[in-house]
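Participant: Below you'll find model.csv; it's CSV, C-alpha atoms.
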```
chain,number,residue,atom,x,y,z
M,866,ARG,CA,-12.2,-29.8,-7.5
M,867,LEU,CA,-12.7,-27.4,-4.7
M,868,SER,CA,-16.5,-28.1,-4.8
M,869,ARG,CA,-15.8,-31.9,-4.2
M,870,MET,CA,-13.6,-31.1,-1.1
M,871,ASN,CA,-15.2,-31.5,2.3
M,872,THR,CA,-15.8,-28.3,4.3
M,873,PRO,CA,-12.7,-28.5,6.5
M,874,MET,CA,-10.5,-28.9,3.4
M,875,ARG,CA,-12.2,-25.9,1.7
M,876,LEU,CA,-11.7,-23.8,4.8
M,877,LEU,CA,-8.0,-24.9,4.9
M,878,ALA,CA,-7.6,-24.0,1.2
M,879,PHE,CA,-9.0,-20.6,1.9
M,880,VAL,CA,-7.2,-19.8,5.2
M,881,VAL,CA,-3.7,-21.0,4.5
M,882,PRO,CA,-2.8,-18.3,1.9
M,883,PHE,CA,-4.1,-15.5,4.3
M,884,ALA,CA,-2.0,-17.0,7.1
M,885,VAL,CA,1.1,-17.0,4.9
M,886,ILE,CA,0.6,-13.4,3.8
M,887,GLY,CA,-0.2,-12.3,7.4
M,888,SER,CA,2.9,-14.0,8.7
M,889,VAL,CA,5.2,-12.6,6.1
M,890,LEU,CA,3.8,-9.1,6.6
M,891,ALA,CA,4.1,-9.4,10.4
M,892,TYR,CA,7.7,-10.5,10.1
M,893,SER,CA,8.5,-7.7,7.6
M,894,SER,CA,7.0,-5.1,10.0
M,895,TRP,CA,9.8,-5.9,12.4
M,896,ALA,CA,12.5,-5.5,9.8
M,897,ALA,CA,14.4,-2.3,9.2
M,898,PRO,CA,12.5,0.4,7.3
M,899,PRO,CA,13.1,0.5,3.5
M,900,ALA,CA,15.6,2.9,2.1
M,901,GLY,CA,14.2,6.2,1.1
M,902,GLY,CA,15.2,8.5,-1.7
M,903,LYS,CA,14.0,11.1,-4.2
M,904,HIS,CA,10.9,10.4,-6.3
M,905,GLY,CA,11.9,7.7,-8.7
M,906,GLY,CA,9.0,5.8,-10.1
M,907,GLY,CA,11.2,4.9,-13.0
M,908,THR,CA,14.0,3.5,-10.9
M,909,SER,CA,15.4,0.1,-11.6
M,910,THR,CA,14.8,-1.4,-8.2
M,911,PRO,CA,11.5,-2.6,-6.6
M,912,ASN,CA,9.8,0.4,-5.0
M,913,LEU,CA,6.6,2.0,-3.8
M,914,THR,CA,5.6,5.4,-5.1
M,915,LEU,CA,2.9,7.9,-4.5
M,916,ASN,CA,1.2,9.5,-7.6
M,917,PRO,CA,1.0,12.4,-7.8
M,918,ALA,CA,4.3,13.1,-6.0
M,919,SER,CA,3.3,16.7,-5.6
M,920,ALA,CA,0.2,18.9,-6.0
M,921,ARG,CA,-1.4,22.2,-5.0
M,922,VAL,CA,-4.6,21.5,-3.1
M,923,PRO,CA,-7.1,24.2,-2.2
M,924,MET,CA,-8.2,23.9,1.5
M,925,SER,CA,-11.2,21.7,1.9
M,926,SER,CA,-10.8,20.3,-1.6
M,927,PRO,CA,-10.4,16.6,-2.4
M,928,LEU,CA,-7.0,15.0,-3.1
M,929,SER,CA,-6.6,11.4,-4.4
M,930,VAL,CA,-3.2,9.8,-4.1
M,931,GLN,CA,-2.4,6.5,-5.7
M,932,ILE,CA,0.1,4.0,-4.3
M,933,TRP,CA,2.0,2.2,-7.1
M,934,ALA,CA,4.3,-0.8,-6.7
M,935,ASN,CA,7.1,-1.2,-9.3
M,936,THR,CA,8.4,-4.8,-9.0
M,937,ASN,CA,11.3,-4.3,-11.5
M,938,GLY,CA,10.1,-7.5,-13.2
M,939,GLN,CA,10.2,-9.6,-10.1
M,940,ASN,CA,7.1,-11.6,-9.1
M,941,VAL,CA,5.4,-10.5,-5.9
M,942,ASN,CA,2.4,-11.8,-4.0
M,943,ALA,CA,1.9,-9.3,-1.1
M,944,VAL,CA,2.4,-5.7,-0.2
M,945,GLN,CA,2.3,-3.8,3.1
M,946,ALA,CA,2.1,0.0,2.7
M,947,ASN,CA,2.3,2.0,6.0
M,948,LEU,CA,2.1,5.8,5.6
M,949,THR,CA,2.0,8.9,7.7
M,950,TYR,CA,0.4,12.3,7.0
M,951,PRO,CA,0.0,15.5,9.0
M,952,ILE,CA,-3.5,15.7,10.5
M,953,ASP,CA,-3.4,19.5,10.6
M,954,LYS,CA,-3.1,19.6,6.7
M,955,LEU,CA,-4.9,16.5,5.5
M,956,ASN,CA,-8.1,14.8,6.5
M,957,PHE,CA,-8.3,11.0,5.7
M,958,VAL,CA,-11.5,10.2,3.8
M,959,ASN,CA,-11.1,6.5,2.7
M,960,LEU,CA,-9.2,3.9,0.8
M,961,ASP,CA,-10.3,2.8,-2.7
M,962,PHE,CA,-9.1,-0.6,-4.0
M,963,THR,CA,-10.8,-0.4,-7.3
M,964,ASN,CA,-8.4,-1.7,-10.0
M,965,SER,CA,-5.9,-2.8,-7.4
M,966,ALA,CA,-3.5,-5.5,-8.7
M,967,PHE,CA,-3.7,-7.1,-5.3
M,968,GLY,CA,-7.1,-8.8,-4.9
M,969,LEU,CA,-6.9,-10.1,-1.3
M,970,ALA,CA,-7.6,-7.7,1.5
M,971,VAL,CA,-5.7,-8.3,4.7
M,972,GLN,CA,-5.7,-4.8,6.2
M,973,GLY,CA,-7.0,-1.4,5.1
M,974,ASP,CA,-7.5,1.5,7.5
M,975,GLY,CA,-6.5,5.1,8.1
M,976,GLY,CA,-7.0,8.0,10.4
M,977,ASN,CA,-5.1,10.0,13.0
M,978,GLY,CA,-2.1,10.5,10.8
M,979,GLN,CA,-1.6,6.9,9.8
M,980,ILE,CA,-2.6,4.6,7.0
M,981,ARG,CA,-2.1,0.8,6.9
M,982,ILE,CA,-2.7,-1.3,3.9
M,983,ALA,CA,-1.9,-5.0,3.5
M,984,ARG,CA,-2.9,-6.7,0.2
M,985,GLY,CA,-2.0,-10.0,-1.4
M,986,ASN,CA,-2.6,-12.4,-4.3
M,987,PHE,CA,-2.8,-16.1,-4.7
M,988,THR,CA,-1.1,-15.8,-8.1
M,989,PRO,CA,2.2,-13.8,-8.4
M,990,VAL,CA,2.1,-10.4,-10.2
M,991,SER,CA,4.8,-8.2,-11.6
M,992,GLY,CA,5.3,-4.8,-13.3
M,993,ASN,CA,4.0,-1.4,-12.3
M,994,LEU,CA,1.0,-2.3,-10.1
M,995,LEU,CA,-1.7,-0.1,-8.5
M,996,VAL,CA,-2.0,-1.0,-4.8
M,997,ALA,CA,-4.7,1.5,-3.7
M,998,THR,CA,-6.0,5.0,-3.9
M,999,ILE,CA,-6.0,7.2,-0.8
M,1000,ASN,CA,-8.7,9.9,-0.7
M,1001,PHE,CA,-8.0,13.0,1.4
M,1002,THR,CA,-9.5,16.4,1.7
M,1003,GLY,CA,-7.4,19.4,2.5
M,1004,ALA,CA,-7.7,20.7,6.0
M,1005,ASN,CA,-8.1,24.3,6.9
M,1006,ASN,CA,-4.4,25.0,7.3
M,1007,ARG,CA,-2.1,26.3,4.6
M,1008,GLY,CA,1.3,24.9,4.1
M,1009,LYS,CA,3.1,21.7,3.0
M,1010,ALA,CA,1.8,18.2,3.8
M,1011,ASN,CA,4.3,15.4,3.5
M,1012,VAL,CA,2.9,11.9,3.0
M,1013,SER,CA,5.6,9.4,3.7
M,1014,PHE,CA,6.0,5.6,3.9
M,1015,SER,CA,6.9,4.4,7.4
M,1016,THR,CA,8.4,1.4,9.1
M,1017,GLY,CA,7.0,-2.0,8.2
M,1018,THR,CA,6.4,-1.1,4.5
M,1019,ALA,CA,7.2,-4.2,2.4
M,1020,LEU,CA,6.9,-5.7,-1.1
M,1021,ILE,CA,7.0,-9.5,-0.8
M,1022,SER,CA,8.7,-11.8,-3.3
M,1023,ALA,CA,6.5,-14.6,-4.6
M,1024,THR,CA,9.7,-16.7,-4.9
M,1025,ASP,CA,11.1,-16.8,-1.4
M,1026,ASN,CA,8.7,-14.6,0.7
M,1027,THR,CA,11.4,-12.0,1.4
M,1028,ASN,CA,11.0,-8.2,1.4
M,1029,ILE,CA,12.4,-7.0,-2.0
M,1030,LEU,CA,11.5,-3.4,-1.5
M,1031,ALA,CA,14.5,-1.2,-2.2
M,1032,GLY,CA,13.0,2.3,-2.1
M,1033,THR,CA,9.9,4.4,-1.2
M,1034,TYR,CA,8.9,7.7,-2.7
M,1035,GLY,CA,6.3,9.7,-0.8
M,1036,GLY,CA,4.6,13.0,-1.8
M,1037,THR,CA,4.5,16.6,-0.8
M,1038,TYR,CA,1.2,18.5,-1.2
M,1039,SER,CA,0.8,22.3,-0.9
M,1040,LEU,CA,-2.4,23.4,0.8
M,1041,THR,CA,-3.6,26.8,-0.6
M,1042,GLN,CA,-6.6,29.0,-0.1
```
Could you render the structure as structure tokens?
Facilitator:
Amino acid sequence: RLSRMNTPMRLLAFVVPFAVIGSVLAYSSWAAPPAGGKHGGGTSTPNLTLNPASARVPMSSPLSVQIWANTNGQNVNAVQANLTYPIDKLNFVNLDFTNSAFGLAVQGDGGNGQIRIARGNFTPVSGNLLVATINFTGANNRGKANVSFSTGTALISATDNTNILAGTYGGTYSLTQ
């Protein structure tokens, strides 16, 4: 059917979902930050979790951290993951969206202690969903590096486009020699 549509209609069919996701994510970035808590990937409320939650990382060695969304059975169609990390302990390398449950790329960048990821779907998804993998290398300073979710992080309900995120669980990584 899409092939029979004229060009303006095809463009509209492609642009409208991105506009909706962008609007919801922009709105949610002004909302209060989600509640924090102890690591709880098995909690019974919708949450975003880093995996692994902790690790020992030799200086200058790679560290891959996955972001997981647990929807607690609710259908979602967008996620915004904003994170912070200490630049004296971790060097941002890149983001990897291989096997992400969210196929639409809206935003994906990192550096200078911040990471911003916005992903979406045309079709709702639910369950324990891979959002992205963050690749770091350990910097040349020993100590603990906390990677935390920050203001504007959201998990968007496919039913009513509200932020259903109830908790975020970051990670602590020990840089060793």
Participant: Show which residues sit within 8 Å of Ile1029 (chain M), as number ranges by chain. Count all atoms listed in the file, and ignore same-chain residues fewer than 2 positions away.
Facilitator: M: 911, 1019-1022, 1027, 1031
Participant: Counting all atoms listed in the file, I want the residues whose atoms come within 8 Å of (0.6, 13.6, 11.7) in the file frame, returned as a VMD selection string.
Facilitator: chain M and resid 949 to 953 977 to 979
Participant: Closest to Ser1013 (chain M) among M:Asn993, M:Thr1037, M:Asn986, M:Asn1028, using only C-alpha atoms?
Facilitator: M:Thr1037
Participant: If you measure from CA of Ala1010 (chain M) to CA of Leu995 (chain M), what distance in Å do you get, rounded to one decimal?
Facilitator: 22.3 Å
Participant: Compile the contact shell of Asn1000 (chain M) as a compact mmCIF listing (two decimals) with C-alpha atoms, keeping the file's coordinate frame: residues with an atom at most 9 Å away, counting only C-alpha atoms, same-chain residues fewer than 3 positions apart removed.
Facilitator:
```txt
# COMPACT_ATOMS: atom_id res chain seq x y z
CA PRO M 927 -10.40 16.60 -2.40
CA LEU M 928 -7.00 15.00 -3.10
CA SER M 929 -6.60 11.40 -4.40
CA VAL M 930 -3.20 9.80 -4.10
CA GLN M 931 -2.40 6.50 -5.70
CA ASN M 956 -8.10 14.80 6.50
CA PHE M 957 -8.30 11.00 5.70
CA VAL M 958 -11.50 10.20 3.80
CA ASN M 959 -11.10 6.50 2.70
CA LEU M 960 -9.20 3.90 0.80
CA ASP M 961 -10.30 2.80 -2.70
```
Participant: What separation in Å, quoted to one decimal, exists between CA of Asn1011 (chain M) and CA of Gly985 (chain M)?
Facilitator: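 Straight-line distance from CA of Asn1011 (chain M) to CA of Gly985 (chain M) works out to 26.6 Å.
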Participant: Rounded to one decimal in Å, what is the spacing between CA of Thr936 (chain M) and CA of Thr1016 (chain M)?
Facilitator: 19.1 Å
Participant: Neighbours of Asn912 (chain M) within 9 Å (all atoms listed in the file; same-chain residues fewer than 5 positions away dropped), as a ChimeraX atom specification?
Facilitator: /M:905-906,933-937,1020,1029-1034
Participant: Can you list, as a ChimeraX atom specification, every protein, DNA or RNA residue that comes within 9 Å of region 963-972 of chain M when you count all atoms listed in the file, leaving out same-chain residues fewer than 3 positions away?
Facilitator: /M:883,886-887,942-945,981-987,990,994-998
Participant: What's the 10 Å shell around Lys954 (chain M), counting only C-alpha atoms, without same-chain residues fewer than 5 positions away, as a list in words?
Facilitator: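 Surrounding residues, per the criterion: Met924, Ser925, Phe1001, Thr1002, Gly1003, Ala1004, Asn1005, Asn1006, Arg1007, Gly1008, Lys1009, Ala1010, Asn1011, Tyr1038, Ser1039 and Leu1040 of chain M.
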Participant: Restricting it to C-alpha atoms, dump the selection as a compact mmCIF listing (two decimals), in the frame of the given file.
Facilitator:
```
# COMPACT_ATOMS: atom_id res chain seq x y z
CA MET M 924 -8.20 23.90 1.50
CA SER M 925 -11.20 21.70 1.90
CA PHE M 1001 -8.00 13.00 1.40
CA THR M 1002 -9.50 16.40 1.70
CA GLY M 1003 -7.40 19.40 2.50
CA ALA M 1004 -7.70 20.70 6.00
CA ASN M 1005 -8.10 24.30 6.90
CA ASN M 1006 -4.40 25.00 7.30
CA ARG M 1007 -2.10 26.30 4.60
CA GLY M 1008 1.30 24.90 4.10
CA LYS M 1009 3.10 21.70 3.00
CA ALA M 1010 1.80 18.20 3.80
CA ASN M 1011 4.30 15.40 3.50
CA TYR M 1038 1.20 18.50 -1.20
CA SER M 1039 0.80 22.30 -0.90
CA LEU M 1040 -2.40 23.40 0.80
```
Participant: With all atoms listed in the file as the atoms that count, which of M:Phe1014, M:Thr1024, M:Gln1042, M:Asn947 lies nearest to Pro923 (chain M)?
Facilitator: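 The answer is M:Gln1042, which sits nearest to Pro923 (chain M).
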